[in-house]
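**Student:** Quick one: the structure is below, questions incoming.
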Amino acid sequence: MYRRPTVKFLPSNWIRIVLAVAAIAGPRSFAADSPAVAGFRTEIRPLLKEFCFDCHGDGEKKGNVAFDAFASDEALVADRDLWFHALKNLRSELMPPPKKSQPTAAQKARLEDWIKSGALGANPADPDPGRVTLRRLNRVEYRNTVRDLLGVEFDTEKEFPPDDAGRGFDNLGDVLTLPPILLEKYLAAARTVVGRAVPSVPLEPAERVIPGRDFRKAPATNASPNLSYYEKASATNVLSVAKPGRYRIVMDATANERFVDNQFDYNKCRLAFRVDGHEWFGGEYSREGGRAIHGEYDVDWTPGEHAFVFETDPALPAKKQVRSLSFKIESVTVRGPLDPKEWVRPKNHDKYFAKEIPADASGRRAYARGILAPFLAKAYRRPVDPATTERLVGLAESTYAQPGVTFEAGIAQAMTAALASPRFLFREEPLEPARGGSRYPLVDEFALASRLSYFLWSSMPDDELLRLAGEGKLRSGLGIQVRRMQADSKFDGFIRNFVGQWLQARDIETVAIDARQVLAREMPVDPEFEKKRLRFRELRDKPEKSLTPEETKEVDALRTVVFGAFRQPPRTELNGDIRRAMRSETEKTFQYIVREDRPLLELVDGNYTFLNEKLARHYGLTNLGVSGDEMRRVTFAPGDPHGGVLTQGSVLGVTSNPTRTSPVKRGLFVLDNILGAPPAPPPPDIPSLEETAKKSKDKILTLRETLAIHREKPLCTSCHNRMDPLGLALENFNAMGIWRDQERGSAIDPSGQLLSGESFTDIVGLKHALAANHSTEIYRTVAEKLLTYALGRGLEYHDVATVDGVVERVRAAGGRSSALFDAVVDSAAFQKSRERAPGAGAAASVGQPN
């Protein structure tokens with residue numbers, strides 16, 4: 001027989017006593033400390049008290065951090081952002097500050113281990129791969145994908161707005177938003193791309209295109225398809241036709257302007273286009289800014305040769321010539337004969353419609369399915385479910401079933417819809433079930449194929465990657481595929497994109513550098529001229545209304561003197577050829593290290609670079625015997641300051657101001673992109689170095705002297721003590737990358753001391769010090785930059801174990817670049833993902849079979 005159990009209740013006063021004791025004792029009386037908190041109390045807090053509380057405890061709160069200001073130890077340990085930054089400062093030897101008491105190596109190691117495993121919860125055996133951010137294709141990836149999918153070169157830089165960038169890269173999912181205007185442009189682009197690739201009719205007039213580069217110029221100044229505004233010239237080509245009849249001629253050119261030295265060119269020129277001596281087009285042009293010139297003309301031809309001629313005739317030959325205006329011949333297209341009896345199969349027709357198109361409805365639908373199914377699998381970069389295929393087959397059928405619409409047009413319409421689908425524009429990443437005791441599932445092999453191809457090629461997976469993914473063999477053979485892909489010419493795109501953004505090499509093509517003023521700083525100082533220049537600056541900075549009549553006259557007179565000194569052309573300048581060669585120099589250096597599996601430290605301390613004749617002459621390295629336009633590797637003698645990316649023109653130029661070098665920018669570049677320890681942003685209202693230099697009335701200060709004054713300010717000291725020695729070591733290279741020994745009459749002193757204690761006398765010594773004593777920081781920085789680019793997201797605290805794993809593999813391999821790439825693609829962050837919340841955000845739309 002069941003009996004209700006007897007329950008004895010405590011008297012109410014006992015309950016109150018128990019609750020009161022619990023409130024006083026707190027939760028630790030009832031629950032054991034976590035290992036992280038227990039480790040903090042026993043081992044870490046004593047270290048913080050000994051080495052950190054001078055600035056971050058006992059009432060001090062520098063950097064807005066006080067370790068003893070948290071409500072509890074649990075709250076302090078749980079602040080992962082705090083500990084993530086503390087780990088970075090500890091590794092960079094910024095904390096404790098150099099002049100403070102320092103922990104032993106063993107104490108540092110214990111603190112680092114606790115931060116990683118305790119505060120950050122890092123588990124090297126099962127690292128957190130991080131969150132999935134749905135990524136759309138950026139401009140470069142879209143261009144490359146439609147090229148590899150359909151063979152169409154589509155100018156995304158012209159047709160799409162620029163992509164936003166984050167963490168230094170423009171392929172991060174968090175910044176690749178999809179505004180309505182871009183959605184409209186994607187739809188228009190899909191129509192354009194498919195229209196160029198897929199024929200919409202079974203027959204059309206034969207077409208031949210003569211590119212502008214195939215026209216012969218007279219006088220033959222060069223092989224460029226450009227005709228100058230400043231001389232009477234012509235460009236000709238001859239086309240032979242076999243059949244008589246009516247032909248359509250399409251002429252395309254552009255009127256271009258190149259901005260030169262802050263001058264505008266007001267010349268005019270007449271352009272004429274003639275066919276067999278008859279002028280079909282003529283017009284006068286001035287500054288047009290790339291205006292398109294287009295014309296279409298129908299002509300009756302007999303068999304034989306027919307001549308096309310472009311002619312220029314300057315309209316203002318006596319006017320000043322800035323040499324910035326020209327016509328570019330884009331192409332001449334000839335279609336015909338136009339008689340339908342002479343029409344032929346369009347280009348690519350046999351590629352997409354290899355079989356005869358059936359006449360019956362069921363046969364056509366089956367044929368459409370046979371065309372679209374493999375296309376969709378490539379476009380969506382994975383097998384496509386039958387429902388999606390049938391939906392697009394139905395779209396094609398409903399299109400070509402309309403009166404007067406061809407079967408080909410129906411297929412083109414379905415392909416257009418596919419290219420406007422989220423499944424094409426975004427990178428879908430389904431997950432496999434978690435296995436092997438891991439908390440995190442793998443992305444499936446097709447998603448892995450896309451991750452690999454967009455990482456190394458900025459484009460869709462090729463047939464080999466998709467085949468291996470379909471067989472389930474890609475993951476086990478990643479190393480082989482990485483080597484294959486690095487040997488492919490498409491890997492050049494990775495070099496251009498990654499190096500162009502990480503080392504800012506692409507910015508050299510547009511950065512403003514005034515060659516006259518840069519080179520003028522290296523001329524001997526004329527005290528009288530300097531006095532006039534400073535007086536002119538003083539009067540110029542005054543409000544115009546406050547100037548007396550005598551001062552107004554003085555300003556005008558001084559302006560003539562000061563600006564007259566800059567009218568002589570500089571001995572060299574950063575023209576387009578030099579800028580492109582500088583960018584190529586940096587790209588080829590990294591490409592050589594990767595493809596030849598060289599040590600990564602050669603980025604800093606290598607004894608070689610890549611030059612062509614123009615760049616070697618620009619640098620003053622004429623003794624190396626470099627000739628021709630092709631970039632080639634040259635090796636420097638021991639002790640030569642050149643070699644490594646820090647002394648290349650691209651880096652030196654983008655880290656300079658328009659009129660002079662910038663040791664601050666150069667030091668910041670090294671800290672951020674080489675050592676991975678950028679300083680905090682500067683406080684507001686900090687005066688410029690020029691303002692600091694004005695305080696010296698009796699002498700012209702060197703940049704080193706100006707920076708020394710600047711560092712005297714308490715707010716500036718800590719960051720400039722880190723940046724300035726690095727930047728000043730590069731002062732022998734001017735803003736154009738050219739070696740110099742003096743500036744403004746004073747010998748340049750590149751010596752310095754790093755915050756970590758190493759002294760050096762010049763850039764050679766600095767590079768040796770960085771490579772010998774800071775290799776771990778360099779490996780970690782390159783690993784972090786490459787992971788950020790490969791994953792398409794910024795790195796967070798949970799990525800510490802992944803980064804450390806990559807660094808260890810690189811170090812164990814002697815710093816070889818192959819170990820870097822293998823470690824990145826083998827990492828959990830590259831191959832796995834956290835579970836995505838069902839239906840979250842844009843992921844839901846990507847899953848729809850559109």
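Starting from 1 in every chain, residues are counted up; chains themselves are A, B, ... following the order of the structure tokens, and ligands are numbered from 1 as listed.
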Looking only at alpha helix (DSSP H) from DSSP on the backbone, list the matching residues of stretch 13-145 of chain A as a VMD selection string.
**Tutor:** chain A and resid 13 to 25 35 to 39 45 to 51 53 to 56 73 to 78 80 to 91 105 to 114 139 to 145
**Student:** Would you kindly return, as a list of chain:residue names, each protein, DNA or RNA residue with an atom no farther than 9 Å from any atom of stretch 350-358 of chain A, considering only C-alpha atoms and excluding same-chain residues fewer than 4 positions away?
**Tutor:**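 Once the adjacent positions are removed, what remains is A:Val198, A:Pro199, A:Arg345, A:Pro346, A:Ser362, A:Gly363, A:Arg364, A:Tyr367, A:Ile371, A:Phe407, A:Glu408.
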**Student:** Report as a list in words all protein, DNA and RNA residues lying within 8 Å of stretch 435-451 of chain A, evaluated on only C-alpha atoms, omitting residues in the same chain fewer than 5 positions from it.
**Tutor:** Asp126, Asp128, Pro129, Arg381, Arg382, Arg427, Glu428, Glu429, Pro430, Met460, Pro461, Leu465, Leu466, Ala469, Gly470, Gly472, Leu474, Arg475, Ala790, Leu791, Phe830, Gln831, Lys832, Ser833, Arg834 and Glu835 of chain A
**Student:** Residues of the last selection are to be written out with C-alpha atoms, as an mmCIF file, in the first residue's frame.
**Tutor:**
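Generated output (part_32.cif):
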data_model
loop_
_atom_site.group_PDB
_atom_site.id
_atom_site.type_symbol
_atom_site.label_atom_id
_atom_site.label_comp_id
_atom_site.auth_asym_id
_atom_site.auth_seq_id
_atom_site.Cartn_x
_atom_site.Cartn_y
_atom_site.Cartn_z
ATOM 1 C CA ASP A 126 39.637 21.076 -30.358
ATOM 2 C CA ASP A 128 36.954 26.977 -31.641
ATOM 3 C CA PRO A 129 36.681 27.625 -35.428
ATOM 4 C CA ARG A 381 29.466 25.360 -56.760
ATOM 5 C CA ARG A 382 27.729 22.197 -55.538
ATOM 6 C CA ARG A 427 28.944 31.380 -50.658
ATOM 7 C CA GLU A 428 26.761 28.644 -49.195
ATOM 8 C CA GLU A 429 28.473 26.517 -46.516
ATOM 9 C CA PRO A 430 26.414 23.529 -45.276
ATOM 10 C CA MET A 460 35.052 29.408 -58.169
ATOM 11 C CA PRO A 461 36.350 25.816 -57.765
ATOM 12 C CA LEU A 465 38.157 20.468 -56.902
ATOM 13 C CA LEU A 466 34.475 19.746 -57.530
ATOM 14 C CA ALA A 469 34.566 17.079 -53.299
ATOM 15 C CA GLY A 470 31.945 14.871 -54.943
ATOM 16 C CA GLY A 472 34.695 12.867 -50.632
ATOM 17 C CA LEU A 474 39.269 16.684 -51.135
ATOM 18 C CA ARG A 475 39.843 17.004 -47.393
ATOM 19 C CA ALA A 790 41.405 33.124 -45.980
ATOM 20 C CA LEU A 791 38.494 33.047 -43.519
ATOM 21 C CA PHE A 830 39.374 26.778 -42.196
ATOM 22 C CA GLN A 831 37.699 23.360 -42.169
ATOM 23 C CA LYS A 832 35.075 23.697 -39.441
ATOM 24 C CA SER A 833 32.404 26.064 -38.231
ATOM 25 C CA ARG A 834 30.210 26.728 -35.280
ATOM 26 C CA GLU A 835 26.625 25.593 -35.734
#
**Student:** Near stretch 532-545 of chain A, counting only C-alpha atoms, which residues have an atom at most 8 Å away, once you skip same-chain residues fewer than 5 positions from it, shown as an NGL selection string?
**Tutor:** :A and (551 or 555 or 558-559 or 562)
**Student:** For the residues selected in the previous step, produce a file with N, CA, C and O atoms as a PDB file, in the first residue's frame.
**Tutor:**
ATOM      1  N   GLU A 551      52.503  94.319 -46.958  1.00  0.00           N
ATOM      2  CA  GLU A 551      52.590  92.864 -46.819  1.00  0.00           C
ATOM      3  C   GLU A 551      51.989  92.150 -48.026  1.00  0.00           C
ATOM      4  O   GLU A 551      52.484  91.105 -48.436  1.00  0.00           O
ATOM      5  N   VAL A 555      53.968  89.458 -50.195  1.00  0.00           N
ATOM      6  CA  VAL A 555      53.505  88.102 -50.465  1.00  0.00           C
ATOM      7  C   VAL A 555      53.623  87.780 -51.944  1.00  0.00           C
ATOM      8  O   VAL A 555      54.102  86.703 -52.333  1.00  0.00           O
ATOM      9  N   LEU A 558      57.285  87.342 -52.827  1.00  0.00           N
ATOM     10  CA  LEU A 558      57.828  86.091 -52.280  1.00  0.00           C
ATOM     11  C   LEU A 558      57.250  84.873 -52.991  1.00  0.00           C
ATOM     12  O   LEU A 558      57.937  83.857 -53.152  1.00  0.00           O
ATOM     13  N   ARG A 559      56.000  84.962 -53.412  1.00  0.00           N
ATOM     14  CA  ARG A 559      55.389  83.837 -54.122  1.00  0.00           C
ATOM     15  C   ARG A 559      56.167  83.518 -55.392  1.00  0.00           C
ATOM     16  O   ARG A 559      56.408  82.355 -55.740  1.00  0.00           O
ATOM     17  N   VAL A 562      59.461  81.773 -54.248  1.00  0.00           N
ATOM     18  CA  VAL A 562      59.300  80.437 -53.669  1.00  0.00           C
ATOM     19  C   VAL A 562      58.842  79.448 -54.724  1.00  0.00           C
ATOM     20  O   VAL A 562      59.425  78.366 -54.881  1.00  0.00           O
TER      21      VAL A 562
END
**Student:** Report as number ranges by chain all protein, DNA and RNA residues lying within 9 Å of A:Asp163, evaluated on only C-alpha atoms, omitting residues in the same chain fewer than 6 positions from it.
**Tutor:** A: 138-139, 170-171, 175-177
**Student:** Take the residues from that selection and put them in a file with C-alpha atoms, as a PDB file, in the first residue's frame.
**Tutor:**
ATOM      1  CA  ASN A 138      33.291  40.902 -53.809  1.00  0.00           C
ATOM      2  CA  ARG A 139      34.130  42.699 -57.064  1.00  0.00           C
ATOM      3  CA  ASP A 170      37.886  43.796 -48.832  1.00  0.00           C
ATOM      4  CA  ASN A 171      36.698  40.157 -48.673  1.00  0.00           C
ATOM      5  CA  VAL A 175      31.547  44.435 -44.457  1.00  0.00           C
ATOM      6  CA  LEU A 176      30.258  42.906 -47.700  1.00  0.00           C
ATOM      7  CA  THR A 177      26.734  44.219 -47.403  1.00  0.00           C
TER       8      THR A 177
END
**Student:** Write out as a VMD selection string each polymer residue whose atoms come within 8 Å of stretch 181-196 of chain A, counting only C-alpha atoms; drop sequence neighbours fewer than 5 positions from it.
**Tutor:** chain A and resid 146 150 152 154 159 to 161 412 415 to 417 419 to 420
